[in-house]
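Data block below; observations after.
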Amino acid sequence: MSDALPYVFSAAGTYVQGAGVLDVVGPHLARLGKRALGVVDPVVRAQVEPAIQAGCASEGIAWRSEAFPGECTETLVDGLVASVRSWGPELVVAAGGGKALDTGKLVAEALGIRSAMIPTIASTDAPTSRVAVLYNEEHAQVRVARLRANPDLVVVDTAVIVRAPVRFLVAGMGDAIATWPEARTCAAKPGRTPAGGRPSRAALALAELCYRTVLTHGRQARQDAAAGRVSAAFEAIVEANTLLSGLGFESGGLAAAHSLYAGLSVLPAGAGYLHGEKVAFGVMVQAALEAWPAADRKELGDFYGDVGLPSRLSHLGLGAATE
Ligand SMILES: [Zn+2]
């Protein structure tokens, strides 16, 4: 074999998206096992757990729900694994934001069982990937775990997502918009993707479609989300933020925008801002570093202005940053 890295394309097993899909989740879960362990974010428990439980009951799946206190820590994951092992779960069903999903991924990995992700916000591209971020009790990032497998199932109920604050959807667009610039740069240089190989044509095509989808439908989707409407534009953006961005970053690669995010995240002044908001600013910096054509930078700047993504440090509360 040559020394060149191979193409590696890594993806979740099945992706289901639409308004009300949670009401028909049972048959999807039944393919993964007969004993389901729930890791459900308390913020959305009342919104999603009854439908998941009903789906399990209709398929004869035993359901056991464990408390998720809100932070994805090593201690929490170890504790959950120890307390449920003897019950013998065959799959983990994680529902909520990124931290609940990452906890579910880590518990499934430790137990060697299948996993289903039910994101209730479209703010990042984490649900499809085999990456999980661990924090300590003080909410500081400890490490990024690379898992053995991608989630087996991702179920995105847009009737649930549309009830989340619009800011999450917009931040998700910021994370999504980085996908193509980063994959393109990773492909042009000898970069290794999070999936562990070179960016394939498939990943690059998804990444480019992600970028175009966000610029084409983002403004309308933002308006529709604010009005609580699950429109075609809203569905397009949820798919871009979750599926296209998720497959695109994992198999297409990361570059300056996410490096900048990592740097910004250690500054206390920016603590109140979301992952995608910081990544969006990182894309602006990457555009300057790579000397993008003026028209492309203007297109991006106009879009940021219209949807409310940060294009300056001052928009991230870092206007006074000097070092
Ligand atoms: Zn990201």
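Labels for the structure tokens follow display order: chains A, B, ..., residues from 1 in each chain, ligands from 1.
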Residues within 7 Å of ligand 1, counting only C-alpha atoms and all ligand atoms: report them as a compact mmCIF listing (two decimals) with all heavy atoms, in the first residue's frame.
# COMPACT_ATOMS: atom_id res chain seq x y z
N THR A 124 -25.46 22.40 16.48
CA THR A 124 -24.14 21.92 16.07
C THR A 124 -24.30 20.69 15.18
O THR A 124 -25.40 20.16 15.01
CB THR A 124 -23.24 21.48 17.26
OG1 THR A 124 -23.71 20.23 17.75
CG2 THR A 124 -23.23 22.51 18.37
N ASP A 125 -23.15 20.23 14.68
CA ASP A 125 -23.16 19.07 13.80
C ASP A 125 -22.73 17.81 14.54
O ASP A 125 -22.27 16.85 13.95
CB ASP A 125 -22.24 19.34 12.60
CG ASP A 125 -20.88 19.87 13.04
OD1 ASP A 125 -20.51 19.66 14.21
OD2 ASP A 125 -20.20 20.49 12.21
N ASP A 175 -21.87 27.05 12.49
CA ASP A 175 -21.06 25.83 12.48
C ASP A 175 -21.11 25.18 11.09
O ASP A 175 -20.11 24.68 10.58
CB ASP A 175 -21.61 24.86 13.55
CG ASP A 175 -20.58 23.84 14.01
OD1 ASP A 175 -19.36 24.08 13.86
OD2 ASP A 175 -21.00 22.78 14.53
N HIS A 258 -12.20 26.22 13.02
CA HIS A 258 -12.34 25.50 14.29
C HIS A 258 -11.10 25.67 15.19
O HIS A 258 -11.22 25.59 16.41
CB HIS A 258 -12.68 24.02 14.07
CG HIS A 258 -14.15 23.76 13.98
ND1 HIS A 258 -14.87 24.00 12.83
CD2 HIS A 258 -15.07 23.32 14.90
CE1 HIS A 258 -16.15 23.72 13.04
NE2 HIS A 258 -16.30 23.30 14.28
N HIS A 275 -20.89 27.63 20.47
CA HIS A 275 -19.88 27.04 19.58
C HIS A 275 -19.97 27.61 18.16
O HIS A 275 -18.99 28.10 17.61
CB HIS A 275 -20.06 25.52 19.58
CG HIS A 275 -19.23 24.80 18.57
ND1 HIS A 275 -17.90 24.48 18.77
CD2 HIS A 275 -19.52 24.34 17.33
CE1 HIS A 275 -17.42 23.86 17.71
NE2 HIS A 275 -18.38 23.76 16.82
N GLY A 276 -21.17 27.53 17.59
CA GLY A 276 -21.34 27.96 16.19
C GLY A 276 -21.12 29.43 15.98
O GLY A 276 -20.71 29.86 14.89
N VAL A 279 -17.36 29.74 15.85
CA VAL A 279 -16.87 29.14 14.60
C VAL A 279 -17.15 30.08 13.42
O VAL A 279 -16.32 30.26 12.53
CB VAL A 279 -17.50 27.75 14.37
CG1 VAL A 279 -17.18 27.24 12.97
CG2 VAL A 279 -17.03 26.76 15.43
message = So that I can check the secondary structure, give me every residue of range 54-181 of chain A assigned alpha helix (DSSP H) by backbone DSSP, as a VMD selection string.
response = chain A and resid 54 to 58 74 to 84 98 to 111 158 to 161 166 to 177 179 to 181
Save the residues we just selected, N, CA and C atoms, as a tab-separated table (two decimals), in the first residue's frame?
chain	number	residue	atom	x	y	z
A	54	ALA	N	-43.66	5.74	24.35
A	54	ALA	CA	-44.78	5.13	23.62
A	54	ALA	C	-44.25	4.29	22.45
A	55	GLY	N	-43.20	4.84	21.78
A	55	GLY	CA	-42.60	4.09	20.66
A	55	GLY	C	-42.00	2.79	21.13
A	56	CYS	N	-41.35	2.83	22.29
A	56	CYS	CA	-40.75	1.62	22.85
A	56	CYS	C	-41.86	0.62	23.22
A	57	ALA	N	-42.91	1.13	23.88
A	57	ALA	CA	-44.00	0.24	24.32
A	57	ALA	C	-44.63	-0.46	23.11
A	58	SER	N	-44.82	0.28	22.02
A	58	SER	CA	-45.48	-0.31	20.84
A	58	SER	C	-44.64	-1.42	20.20
A	74	GLU	N	-16.57	12.68	32.93
A	74	GLU	CA	-16.07	11.31	33.08
A	74	GLU	C	-16.79	10.62	34.26
A	75	THR	N	-16.96	11.37	35.37
A	75	THR	CA	-17.60	10.82	36.57
A	75	THR	C	-19.04	10.40	36.28
A	76	LEU	N	-19.76	11.26	35.54
A	76	LEU	CA	-21.16	10.94	35.21
A	76	LEU	C	-21.23	9.69	34.35
A	77	VAL	N	-20.39	9.64	33.30
A	77	VAL	CA	-20.42	8.49	32.38
A	77	VAL	C	-20.09	7.21	33.14
A	78	ASP	N	-19.04	7.24	33.96
A	78	ASP	CA	-18.65	6.04	34.73
A	78	ASP	C	-19.78	5.60	35.66
A	79	GLY	N	-20.42	6.60	36.31
A	79	GLY	CA	-21.51	6.29	37.23
A	79	GLY	C	-22.69	5.66	36.53
A	80	LEU	N	-23.05	6.22	35.37
A	80	LEU	CA	-24.18	5.67	34.61
A	80	LEU	C	-23.89	4.24	34.18
A	81	VAL	N	-22.69	4.03	33.67
A	81	VAL	CA	-22.30	2.70	33.18
A	81	VAL	C	-22.39	1.69	34.33
A	82	ALA	N	-21.86	2.08	35.50
A	82	ALA	CA	-21.86	1.16	36.64
A	82	ALA	C	-23.28	0.85	37.10
A	83	SER	N	-24.16	1.86	37.07
A	83	SER	CA	-25.50	1.63	37.63
A	83	SER	C	-26.42	0.86	36.67
A	84	VAL	N	-26.15	0.88	35.38
A	84	VAL	CA	-27.09	0.21	34.45
A	84	VAL	C	-26.55	-1.11	33.89
A	98	GLY	N	-26.23	18.93	22.83
A	98	GLY	CA	-24.99	18.20	22.54
A	98	GLY	C	-24.42	17.43	23.72
A	99	LYS	N	-24.57	17.98	24.93
A	99	LYS	CA	-23.96	17.31	26.09
A	99	LYS	C	-24.69	16.03	26.45
A	100	ALA	N	-26.01	16.04	26.36
A	100	ALA	CA	-26.79	14.81	26.62
A	100	ALA	C	-26.45	13.76	25.55
A	101	LEU	N	-26.33	14.21	24.30
A	101	LEU	CA	-26.02	13.26	23.22
A	101	LEU	C	-24.62	12.67	23.41
A	102	ASP	N	-23.66	13.52	23.75
A	102	ASP	CA	-22.29	13.02	23.94
A	102	ASP	C	-22.24	12.03	25.10
A	103	THR	N	-22.99	12.32	26.17
A	103	THR	CA	-23.04	11.38	27.30
A	103	THR	C	-23.59	10.04	26.83
A	104	GLY	N	-24.66	10.09	26.04
A	104	GLY	CA	-25.24	8.85	25.50
A	104	GLY	C	-24.25	8.08	24.64
A	105	LYS	N	-23.51	8.81	23.81
A	105	LYS	CA	-22.50	8.14	22.95
A	105	LYS	C	-21.44	7.43	23.80
A	106	LEU	N	-20.99	8.12	24.86
A	106	LEU	CA	-19.92	7.57	25.70
A	106	LEU	C	-20.39	6.36	26.51
A	107	VAL	N	-21.64	6.41	26.98
A	107	VAL	CA	-22.19	5.28	27.73
A	107	VAL	C	-22.33	4.07	26.78
A	108	ALA	N	-22.83	4.31	25.57
A	108	ALA	CA	-22.98	3.22	24.60
A	108	ALA	C	-21.62	2.61	24.26
A	109	GLU	N	-20.62	3.48	24.10
A	109	GLU	CA	-19.26	3.00	23.79
A	109	GLU	C	-18.73	2.12	24.92
A	110	ALA	N	-18.91	2.60	26.17
A	110	ALA	CA	-18.37	1.86	27.32
A	110	ALA	C	-19.06	0.51	27.48
A	111	LEU	N	-20.36	0.45	27.14
A	111	LEU	CA	-21.10	-0.81	27.30
A	111	LEU	C	-21.02	-1.68	26.04
A	158	THR	N	-38.43	17.90	13.51
A	158	THR	CA	-38.39	19.36	13.30
A	158	THR	C	-39.51	20.08	14.05
A	159	ALA	N	-40.58	19.35	14.42
A	159	ALA	CA	-41.64	19.98	15.23
A	159	ALA	C	-41.14	20.25	16.64
A	160	VAL	N	-40.14	19.49	17.09
A	160	VAL	CA	-39.50	19.74	18.39
A	160	VAL	C	-38.45	20.85	18.24
A	161	ILE	N	-37.61	20.72	17.20
A	161	ILE	CA	-36.51	21.68	16.99
A	161	ILE	C	-37.03	23.11	16.85
A	166	VAL	N	-34.42	30.60	18.64
A	166	VAL	CA	-33.88	30.79	17.28
A	166	VAL	C	-32.35	30.90	17.30
A	167	ARG	N	-31.82	31.44	18.39
A	167	ARG	CA	-30.36	31.62	18.46
A	167	ARG	C	-29.62	30.31	18.21
A	168	PHE	N	-30.18	29.18	18.66
A	168	PHE	CA	-29.52	27.89	18.45
A	168	PHE	C	-29.45	27.54	16.96
A	169	LEU	N	-30.55	27.80	16.26
A	169	LEU	CA	-30.57	27.50	14.82
A	169	LEU	C	-29.54	28.35	14.08
A	170	VAL	N	-29.46	29.62	14.47
A	170	VAL	CA	-28.50	30.54	13.81
A	170	VAL	C	-27.07	30.11	14.12
A	171	ALA	N	-26.81	29.73	15.38
A	171	ALA	CA	-25.46	29.25	15.72
A	171	ALA	C	-25.13	27.99	14.92
A	172	GLY	N	-26.13	27.13	14.74
A	172	GLY	CA	-25.92	25.93	13.92
A	172	GLY	C	-25.53	26.28	12.49
A	173	MET	N	-26.11	27.37	11.98
A	173	MET	CA	-25.73	27.83	10.63
A	173	MET	C	-24.27	28.27	10.63
A	174	GLY	N	-23.84	28.89	11.73
A	174	GLY	CA	-22.43	29.31	11.82
A	174	GLY	C	-21.49	28.12	11.78
A	175	ASP	N	-21.87	27.05	12.49
A	175	ASP	CA	-21.06	25.83	12.48
A	175	ASP	C	-21.11	25.18	11.09
A	176	ALA	N	-22.29	25.21	10.48
A	176	ALA	CA	-22.48	24.57	9.16
A	176	ALA	C	-21.73	25.31	8.06
A	177	ILE	N	-21.71	26.64	8.15
A	177	ILE	CA	-21.11	27.42	7.08
A	177	ILE	C	-19.60	27.21	7.01
A	179	THR	N	-18.17	24.36	7.19
A	179	THR	CA	-17.86	23.01	6.72
A	179	THR	C	-17.13	23.00	5.37
A	180	TRP	N	-17.65	23.76	4.41
A	180	TRP	CA	-17.04	23.76	3.07
A	180	TRP	C	-15.69	24.47	3.05
A	181	PRO	N	-15.58	25.69	3.60
A	181	PRO	CA	-14.24	26.31	3.61
A	181	PRO	C	-13.19	25.43	4.29
request  = Please identify which residues in range 44-119 of chain A DSSP calls strand (DSSP E) from the backbone, and express them as a list in words.
outcome  = Ala62, Trp63, Arg64, Ser65, Glu66, Ala67, Leu91, Val92, Val93, Ala94, Ala95, Gly96, Arg114, Ser115, Ala116, Met117, Ile118 and Pro119 of chain A
Give me, as a JSON list (two decimals) with all heavy atoms, in the first residue's frame, all polymer residues having an atom no more than 9 Å from Ser10 in chain A, counting only C-alpha atoms and skipping those fewer than 5 positions away in the same chain.
[["chain", "number", "residue", "atom", "x", "y", "z"],
["A", 129, "SER", "N", -21.80, 12.30, 14.47],
["A", 129, "SER", "CA", -20.37, 11.96, 14.48],
["A", 129, "SER", "C", -20.00, 10.97, 15.59],
["A", 129, "SER", "O", -20.75, 10.76, 16.53],
["A", 129, "SER", "CB", -19.53, 13.23, 14.67],
["A", 129, "SER", "OG", -19.51, 13.58, 16.03],
["A", 130, "ARG", "N", -18.79, 10.41, 15.45],
["A", 130, "ARG", "CA", -18.29, 9.52, 16.51],
["A", 130, "ARG", "C", -17.25, 10.23, 17.38],
["A", 130, "ARG", "O", -16.23, 9.67, 17.78],
["A", 130, "ARG", "CB", -17.73, 8.23, 15.93],
["A", 130, "ARG", "CG", -16.62, 8.41, 14.94],
["A", 130, "ARG", "CD", -15.99, 7.04, 14.65],
["A", 130, "ARG", "NE", -15.72, 6.86, 13.24],
["A", 130, "ARG", "CZ", -14.58, 6.39, 12.78],
["A", 130, "ARG", "NH1", -13.62, 6.07, 13.61],
["A", 130, "ARG", "NH2", -14.40, 6.23, 11.49],
["A", 149, "ALA", "N", -17.45, 3.89, 16.99],
["A", 149, "ALA", "CA", -18.47, 3.88, 15.93],
["A", 149, "ALA", "C", -19.31, 5.14, 15.95],
["A", 149, "ALA", "O", -19.49, 5.76, 17.01],
["A", 149, "ALA", "CB", -19.38, 2.66, 16.12],
["A", 150, "ASN", "N", -19.86, 5.50, 14.80],
["A", 150, "ASN", "CA", -20.84, 6.59, 14.73],
["A", 150, "ASN", "C", -22.16, 6.10, 15.34],
["A", 150, "ASN", "O", -22.39, 4.89, 15.40],
["A", 150, "ASN", "CB", -21.10, 6.97, 13.27],
["A", 150, "ASN", "CG", -19.90, 7.60, 12.61],
["A", 150, "ASN", "OD1", -18.91, 6.92, 12.35],
["A", 150, "ASN", "ND2", -19.97, 8.87, 12.34],
["A", 195, "ALA", "N", -12.31, 11.69, 10.66],
["A", 195, "ALA", "CA", -12.58, 10.27, 10.39],
["A", 195, "ALA", "C", -11.29, 9.48, 10.17],
["A", 195, "ALA", "O", -11.31, 8.25, 10.10],
["A", 195, "ALA", "CB", -13.49, 10.14, 9.17],
["A", 247, "LEU", "N", -21.64, 15.14, 8.43],
["A", 247, "LEU", "CA", -20.86, 14.25, 7.57],
["A", 247, "LEU", "C", -19.70, 15.03, 6.95],
["A", 247, "LEU", "O", -18.60, 14.50, 6.77],
["A", 247, "LEU", "CB", -21.74, 13.65, 6.47],
["A", 247, "LEU", "CG", -22.99, 12.88, 6.92],
["A", 247, "LEU", "CD1", -23.66, 12.21, 5.72],
["A", 247, "LEU", "CD2", -22.66, 11.83, 7.96],
["A", 250, "GLU", "N", -16.78, 15.63, 9.55],
["A", 250, "GLU", "CA", -16.10, 14.43, 10.02],
["A", 250, "GLU", "C", -15.24, 13.79, 8.92],
["A", 250, "GLU", "O", -14.13, 13.35, 9.17],
["A", 250, "GLU", "CB", -17.12, 13.41, 10.55],
["A", 250, "GLU", "CG", -16.46, 12.20, 11.19],
["A", 250, "GLU", "CD", -17.41, 11.39, 12.05],
["A", 250, "GLU", "OE1", -18.62, 11.37, 11.76],
["A", 250, "GLU", "OE2", -16.93, 10.76, 13.00],
["A", 251, "SER", "N", -15.78, 13.76, 7.71],
["A", 251, "SER", "CA", -15.05, 13.11, 6.62],
["A", 251, "SER", "C", -14.40, 14.10, 5.66],
["A", 251, "SER", "O", -13.67, 13.70, 4.76],
["A", 251, "SER", "CB", -16.00, 12.19, 5.84],
["A", 251, "SER", "OG", -16.47, 11.17, 6.71]]
inquiry  = Need the shell around range 259-265 of chain A: protein/DNA/RNA residues with any atom at most 12 Å away, counting only C-alpha atoms. Skip same-chain ones fewer than 4 positions apart. Format as a ChimeraX atom specification?
reply    = /A:139-141,143-144,174-175,178,182,253-255,269-286,289,313,316-318,321,323
query = Pick the closest to Arg198 in chain A from A:Gly252, A:Gly218, A:Pro119, A:Gly112: which is it, counting only C-alpha atoms?
reply =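 Ranked by minimum distance to Arg198 in chain A, first place goes to A:Gly252.
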query = Can you list, as a count of residues only, every protein, DNA or RNA residue that comes within 7 Å of Gly228 in chain A when you count only C-alpha atoms, leaving out same-chain residues fewer than 3 positions away?
reply = 4
Mind checking which residues fall within 7 Å of Pro151 in chain A, counting only C-alpha atoms, ignoring those fewer than 3 positions away in the same chain, and posting them as a PDB file with all heavy atoms, in the first residue's frame?
ATOM      1  N   ALA A  12     -23.364   8.218  10.380  1.00  0.00           N
ATOM      2  CA  ALA A  12     -24.362   7.552  11.214  1.00  0.00           C
ATOM      3  C   ALA A  12     -25.103   6.522  10.352  1.00  0.00           C
ATOM      4  O   ALA A  12     -25.215   6.687   9.133  1.00  0.00           O
ATOM      5  CB  ALA A  12     -25.336   8.583  11.762  1.00  0.00           C
ATOM      6  N   GLY A  13     -25.600   5.462  11.001  1.00  0.00           N
ATOM      7  CA  GLY A  13     -26.239   4.383  10.243  1.00  0.00           C
ATOM      8  C   GLY A  13     -27.500   4.806   9.515  1.00  0.00           C
ATOM      9  O   GLY A  13     -27.660   4.557   8.315  1.00  0.00           O
ATOM     10  N   SER A 115     -26.479   2.923  19.644  1.00  0.00           N
ATOM     11  CA  SER A 115     -26.899   4.236  20.145  1.00  0.00           C
ATOM     12  C   SER A 115     -27.823   4.952  19.168  1.00  0.00           C
ATOM     13  O   SER A 115     -27.662   4.850  17.950  1.00  0.00           O
ATOM     14  CB  SER A 115     -25.676   5.112  20.435  1.00  0.00           C
ATOM     15  OG  SER A 115     -25.018   5.449  19.245  1.00  0.00           O
ATOM     16  N   ALA A 116     -28.800   5.654  19.739  1.00  0.00           N
ATOM     17  CA  ALA A 116     -29.719   6.492  18.958  1.00  0.00           C
ATOM     18  C   ALA A 116     -29.668   7.905  19.525  1.00  0.00           C
ATOM     19  O   ALA A 116     -29.736   8.090  20.731  1.00  0.00           O
ATOM     20  CB  ALA A 116     -31.141   5.941  19.054  1.00  0.00           C
ATOM     21  N   MET A 117     -29.523   8.891  18.627  1.00  0.00           N
ATOM     22  CA  MET A 117     -29.427  10.296  19.033  1.00  0.00           C
ATOM     23  C   MET A 117     -30.707  11.024  18.636  1.00  0.00           C
ATOM     24  O   MET A 117     -31.141  10.930  17.473  1.00  0.00           O
ATOM     25  CB  MET A 117     -28.251  10.982  18.314  1.00  0.00           C
ATOM     26  CG  MET A 117     -26.880  10.350  18.552  1.00  0.00           C
ATOM     27  SD  MET A 117     -26.282  10.649  20.216  1.00  0.00           S
ATOM     28  CE  MET A 117     -26.197   8.972  20.830  1.00  0.00           C
ATOM     29  N   THR A 128     -24.380  13.262  14.358  1.00  0.00           N
ATOM     30  CA  THR A 128     -24.039  12.149  13.465  1.00  0.00           C
ATOM     31  C   THR A 128     -22.634  11.597  13.687  1.00  0.00           C
ATOM     32  O   THR A 128     -22.295  10.548  13.143  1.00  0.00           O
ATOM     33  CB  THR A 128     -24.129  12.582  11.976  1.00  0.00           C
ATOM     34  OG1 THR A 128     -23.169  13.615  11.746  1.00  0.00           O
ATOM     35  CG2 THR A 128     -25.524  13.060  11.610  1.00  0.00           C
ATOM     36  N   SER A 129     -21.802  12.301  14.468  1.00  0.00           N
ATOM     37  CA  SER A 129     -20.370  11.957  14.481  1.00  0.00           C
ATOM     38  C   SER A 129     -20.001  10.974  15.591  1.00  0.00           C
ATOM     39  O   SER A 129     -20.751  10.756  16.528  1.00  0.00           O
ATOM     40  CB  SER A 129     -19.532  13.225  14.666  1.00  0.00           C
ATOM     41  OG  SER A 129     -19.512  13.584  16.034  1.00  0.00           O
ATOM     42  N   ARG A 130     -18.790  10.405  15.449  1.00  0.00           N
ATOM     43  CA  ARG A 130     -18.286   9.524  16.515  1.00  0.00           C
ATOM     44  C   ARG A 130     -17.246  10.228  17.385  1.00  0.00           C
ATOM     45  O   ARG A 130     -16.234   9.668  17.784  1.00  0.00           O
ATOM     46  CB  ARG A 130     -17.729   8.231  15.929  1.00  0.00           C
ATOM     47  CG  ARG A 130     -16.619   8.409  14.935  1.00  0.00           C
ATOM     48  CD  ARG A 130     -15.991   7.040  14.647  1.00  0.00           C
ATOM     49  NE  ARG A 130     -15.722   6.865  13.242  1.00  0.00           N
ATOM     50  CZ  ARG A 130     -14.578   6.389  12.783  1.00  0.00           C
ATOM     51  NH1 ARG A 130     -13.616   6.071  13.614  1.00  0.00           N
ATOM     52  NH2 ARG A 130     -14.397   6.230  11.492  1.00  0.00           N
TER      53      ARG A 130
END
inquiry  = Can you measure CA of Asn241 in chain A to CA of Asp152 in chain A for me? One decimal in Å is fine.
reply    = 18.7 Å
ask   = Quick one, how far is CA of Gly246 in chain A from CA of Gly18 in chain A?
value =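 So the answer is 17.4 Å.
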query = With distances taken over only C-alpha atoms, which of A:Gly70, A:His28, A:Ala183, A:Ile121 is nearest to Glu138 in chain A?
reply =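 Comparing A:Gly70, A:His28, A:Ala183, A:Ile121 against Glu138 in chain A, the winner is A:Gly70.
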request  = Quick one: everything within 8 Å of Lys34 in chain A, counting only C-alpha atoms, minus sequence neighbours fewer than 4 positions away in the same chain. Send it as a ChimeraX atom specification.
outcome  = /A:30,60-62,89-91
message = Could you tell me how far CA of Thr193 in chain A sits from CA of Ala207 in chain A, in Å to one decimal place?
response = 12.9 Å
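When only C-alpha atoms are used to compute distances to Glu239 in chain A, the closest of the residues A:Glu59, A:Asp306, A:Asp157, A:Asp3 turns out to be A:Asp157.
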